[in-house]
Amino acid sequence: MPAIARLIAFVLSLWFVVAAAGAQQKVLIPERLERATVTDDKGATNWAEWKADKCPNCSGTGKVKCTVCERFGDDADKCPDCKRVESRETVCRMCAGTGELPDPLLKVGCPGCVGAAFLLCTVCAGGGRLKINGAKNWSACPACRGDGAWKCGACAGKRLVEPAALKPAMKDASVKDLAKAQAVADQALKELAALTPTGGQKARKDIKALVKTFDTAGGVFPPLKRLGKPFEDYMGKIAAGSNFQGSEENEAETIAAVKQSAEYYLKHQKRMLELAHKRAEANAALPPEPKK
Ligand SMILES: [Zn+2]
Ligand SMILES: [Zn+2]
Ligand SMILES: [Zn+2]
Ligand SMILES: [Zn+2]
């Protein structure tokens with residue numbers, strides 16, 4: 001394979017698409033995140049200064065084509081993401097519009113929206129309108145009342161959130177604290193993996209189970225704690241579409257999308273905790289500094 005093709009294949013292999021509750025954009029594969037370190041003259045491993053690489057999702061422009069409204073009709077006038085501007089361009093979620101990748105030790109995509117800043121109304125797919133029972137004319141969506149989405153309450157619309165709340169911070173945390181946080185992430189991921197969302201009558205139970213996981217893990221991961229209530233409110237609004245055909249399936253998919261967003265956040269954190277743990281362990285194994 002020619003070098004350039006190999007490079008492209010490598011770069012592409014670092015991405016995948018998360019069907020977040022705000023339609024989808026590419027995200028970095030969490031298991032492959034890296035963070036450079038340097039070894040000083042005493043043999044201690046330190047984090048290298050973060051060299052903000054050009055964001056691969058938007059090629060550094062901070063903007064991408066909107067994926068929310070790409071299948072809307074030409075007459076659509078509302079989109080919660082691009083607002084139907086002529087270029088149909090919107091903010092890149094991977095870099096939150098900065099054009100540069102954020103330091104993964106300090107910032108991570110929001111567990112609610114993965115950088116979208118909103119939770120999409122899945123009753124109307126974000127268009128804010130529906131043709132009910134084969135009607136000729138549009139009516140406002142009963143769930144979002146025409147807005148197409150709700151501002152994400154887990155990040156307050158900021159797109160990126162903070163990592164695990166450790167003292168000292170994750171990048172300087174002790175082996176013990178990092179191991180504890182890793183165990184919390186593992187447990188939460190296990191609970192999420194065990195849950196296959198359903199809609200309709202059983203949705204309540206699934207939503208409760210998810211909120212419980214968010215709350216428990218939220219002791220270490222505050223963004224998850226902040227997701228519980230907005231997620232419940234969100235599902236309450238989506239329930240306004242429960243008279244429509246396919247609503248149970250839609251409900252199940254909406255819960256699954258939030259679950260996937262939270263899983264992405266946790267996998268990102270798991271990986272960074274792993275890297276921080278490796279570094280802390282290497283430094284803990286160093287002979288103690290000679291006393292002066
Ligand atoms: Zn970007
Ligand atoms: Zn759009
Ligand atoms: Zn709607
Ligand atoms: Zn968010």
# chains A, B, ... in the order shown; residues from 1 in each chain; ligands from 1
>>> residues_around(residues="range 126-132 of chain A", least_positions_apart="5", cutoff="12 Å", atoms="only C-alpha atoms", output="PyMOL selection string")
chain A and resi 21-23+66-84+118-121+137-150+238+241+243-245
>>> residues_near_ligand(ligand="ligand 1", cutoff="9 Å", atoms="only C-alpha atoms and all ligand atoms", output="MDAnalysis selection string")
chainID A and resid 54:64 91:101
>>> closest_residue(among="A:Cys110, A:Leu166, A:Val123, A:Ala48", to="ligand 3", atoms="only C-alpha atoms and all ligand atoms")
A:Val123
>>> select_by_dssp(residues="range 166-243 of chain A", states="helix (DSSP H, G or I)", output="PyMOL selection string")
chain A and resi 170-172+175-193+200-217+222-241
>>> residues_around(residues="Leu210 in chain A", least_positions_apart="4", cutoff="9 Å", atoms="only C-alpha atoms", output="list of chain:residue names")
A:Glu191, A:Leu192, A:Leu195, A:Lys205, A:Asp206, A:Phe214, A:Asp215, A:Gly228, A:Ile255, A:Lys259
>>> residues_around(residues="range 269-277 of chain A", least_positions_apart="5", cutoff="7 Å", atoms="only C-alpha atoms", output="list in words")
Pro30, Glu31, Leu33, Leu105, Pro163, Met170, Lys171, Val175, Leu178, Gln182 and Ala185 of chain A
>>> write_last_selection(atoms="C-alpha atoms", output="short mmCIF file (atom, residue, chain, number, x, y, z; two decimals), in the first residue's frame")
data_model
loop_
_atom_site.label_atom_id
_atom_site.label_comp_id
_atom_site.auth_asym_id
_atom_site.auth_seq_id
_atom_site.Cartn_x
_atom_site.Cartn_y
_atom_site.Cartn_z
CA PRO A 30 -11.18 5.83 22.97
CA GLU A 31 -9.05 2.69 23.25
CA LEU A 33 -6.09 7.59 22.61
CA LEU A 105 -6.28 14.61 30.11
CA PRO A 163 -12.56 14.35 33.46
CA MET A 170 -6.12 12.85 37.01
CA LYS A 171 -2.82 13.78 35.40
CA VAL A 175 -1.70 4.99 41.77
CA LEU A 178 -6.40 6.13 39.77
CA GLN A 182 -10.75 2.82 37.07
CA ALA A 185 -15.53 3.25 35.36
#
>>> closest_residue(among="A:Glu86, A:Asp40, A:Asp172, A:Glu232", to="ligand 2", atoms="only C-alpha atoms and all ligand atoms")
A:Glu86
>>> residues_near_ligand(ligand="ligand 4", cutoff="10 Å", atoms="only C-alpha atoms and all ligand atoms", output="number ranges by chain")
A: 21-22, 109-119, 151-161, 223, 226-227, 230, 261
>>> select_by_dssp(residues="range 70-187 of chain A", states="strand (DSSP E)", output="ChimeraX atom specification")
/A:89-91,108-109,118-120,129-130,139-140,149-151,160-161
>>> closest_residue(among="A:Cys124, A:Leu266, A:Ala239, A:Val27", to="Glu162 in chain A", atoms="only C-alpha atoms")
A:Leu266
>>> residues_around(residues="Glu251 in chain A", least_positions_apart="2", cutoff="10 Å", atoms="only C-alpha atoms", output="PyMOL selection string")
chain A and resi 122-123+197-200+203+235+238-239+241-242+246-249+253-257
>>> write_last_selection(atoms="N, CA and C atoms", output="PDB file, in the first residue's frame")
ATOM      1  N   THR A 122     -36.243  12.993  19.113  1.00  0.00           N
ATOM      2  CA  THR A 122     -36.296  11.849  18.202  1.00  0.00           C
ATOM      3  C   THR A 122     -37.719  11.581  17.715  1.00  0.00           C
ATOM      4  N   VAL A 123     -38.674  12.336  18.234  1.00  0.00           N
ATOM      5  CA  VAL A 123     -40.045  12.183  17.740  1.00  0.00           C
ATOM      6  C   VAL A 123     -40.151  12.781  16.334  1.00  0.00           C
ATOM      7  N   PRO A 197     -31.979  -1.455  26.181  1.00  0.00           N
ATOM      8  CA  PRO A 197     -33.173  -0.625  26.374  1.00  0.00           C
ATOM      9  C   PRO A 197     -34.395  -1.132  25.617  1.00  0.00           C
ATOM     10  N   THR A 198     -35.546  -0.975  26.268  1.00  0.00           N
ATOM     11  CA  THR A 198     -36.823  -1.261  25.626  1.00  0.00           C
ATOM     12  C   THR A 198     -37.665   0.014  25.707  1.00  0.00           C
ATOM     13  N   GLY A 199     -38.707   0.077  24.899  1.00  0.00           N
ATOM     14  CA  GLY A 199     -39.578   1.248  24.953  1.00  0.00           C
ATOM     15  C   GLY A 199     -40.879   0.914  25.658  1.00  0.00           C
ATOM     16  N   GLY A 200     -41.824   1.805  25.564  1.00  0.00           N
ATOM     17  CA  GLY A 200     -43.162   1.555  26.103  1.00  0.00           C
ATOM     18  C   GLY A 200     -43.172   1.376  27.605  1.00  0.00           C
ATOM     19  N   ALA A 203     -39.873   1.118  29.577  1.00  0.00           N
ATOM     20  CA  ALA A 203     -38.889   2.197  29.451  1.00  0.00           C
ATOM     21  C   ALA A 203     -38.543   2.807  30.808  1.00  0.00           C
ATOM     22  N   MET A 235     -36.492  12.047  28.395  1.00  0.00           N
ATOM     23  CA  MET A 235     -37.335  10.899  28.082  1.00  0.00           C
ATOM     24  C   MET A 235     -38.808  11.211  28.375  1.00  0.00           C
ATOM     25  N   ILE A 238     -39.923  12.959  25.267  1.00  0.00           N
ATOM     26  CA  ILE A 238     -40.031  12.021  24.141  1.00  0.00           C
ATOM     27  C   ILE A 238     -41.323  11.206  24.263  1.00  0.00           C
ATOM     28  N   ALA A 239     -41.769  10.965  25.508  1.00  0.00           N
ATOM     29  CA  ALA A 239     -43.001  10.196  25.736  1.00  0.00           C
ATOM     30  C   ALA A 239     -44.226  10.893  25.147  1.00  0.00           C
ATOM     31  N   GLY A 241     -44.612  11.560  22.276  1.00  0.00           N
ATOM     32  CA  GLY A 241     -44.844  10.958  20.957  1.00  0.00           C
ATOM     33  C   GLY A 241     -45.353   9.542  21.056  1.00  0.00           C
ATOM     34  N   SER A 242     -45.804   9.126  22.264  1.00  0.00           N
ATOM     35  CA  SER A 242     -46.121   7.705  22.452  1.00  0.00           C
ATOM     36  C   SER A 242     -47.383   7.238  21.738  1.00  0.00           C
ATOM     37  N   GLY A 246     -44.640   3.143  15.993  1.00  0.00           N
ATOM     38  CA  GLY A 246     -43.195   2.948  16.147  1.00  0.00           C
ATOM     39  C   GLY A 246     -42.599   3.676  17.332  1.00  0.00           C
ATOM     40  N   SER A 247     -43.471   4.196  18.199  1.00  0.00           N
ATOM     41  CA  SER A 247     -42.944   5.011  19.303  1.00  0.00           C
ATOM     42  C   SER A 247     -42.134   4.185  20.307  1.00  0.00           C
ATOM     43  N   GLU A 248     -42.540   2.924  20.505  1.00  0.00           N
ATOM     44  CA  GLU A 248     -41.802   2.100  21.473  1.00  0.00           C
ATOM     45  C   GLU A 248     -40.378   1.874  21.000  1.00  0.00           C
ATOM     46  N   GLU A 249     -40.267   1.584  19.718  1.00  0.00           N
ATOM     47  CA  GLU A 249     -38.949   1.356  19.142  1.00  0.00           C
ATOM     48  C   GLU A 249     -38.118   2.645  19.217  1.00  0.00           C
ATOM     49  N   GLU A 253     -34.594   3.286  21.118  1.00  0.00           N
ATOM     50  CA  GLU A 253     -33.410   3.797  20.417  1.00  0.00           C
ATOM     51  C   GLU A 253     -32.879   5.071  21.058  1.00  0.00           C
ATOM     52  N   THR A 254     -33.793   5.879  21.565  1.00  0.00           N
ATOM     53  CA  THR A 254     -33.372   7.131  22.214  1.00  0.00           C
ATOM     54  C   THR A 254     -32.613   6.839  23.500  1.00  0.00           C
ATOM     55  N   ILE A 255     -33.136   5.895  24.283  1.00  0.00           N
ATOM     56  CA  ILE A 255     -32.435   5.488  25.510  1.00  0.00           C
ATOM     57  C   ILE A 255     -31.069   4.898  25.137  1.00  0.00           C
ATOM     58  N   ALA A 256     -31.058   4.073  24.094  1.00  0.00           N
ATOM     59  CA  ALA A 256     -29.809   3.432  23.671  1.00  0.00           C
ATOM     60  C   ALA A 256     -28.767   4.470  23.246  1.00  0.00           C
ATOM     61  N   ALA A 257     -29.232   5.549  22.626  1.00  0.00           N
ATOM     62  CA  ALA A 257     -28.293   6.582  22.169  1.00  0.00           C
ATOM     63  C   ALA A 257     -27.642   7.292  23.357  1.00  0.00           C
TER      64      ALA A 257
END
>>> closest_residue(among="A:Lys237, A:Pro288, A:Tyr265, A:Asp53", to="ligand 3", atoms="only C-alpha atoms and all ligand atoms")
A:Lys237
>>> atom_distance(atom1="CA of Glu89 in chain A", atom2="CA of Lys65 in chain A")
4.5 Å
>>> closest_residue(among="A:Lys225, A:Lys51, A:Arg88, A:Arg32", to="ligand 2", atoms="only C-alpha atoms and all ligand atoms")
A:Arg88
>>> closest_residue(among="A:Ala193, A:Ala284, A:Ala252, A:Ala125", to="ligand 3", atoms="only C-alpha atoms and all ligand atoms")
A:Ala125
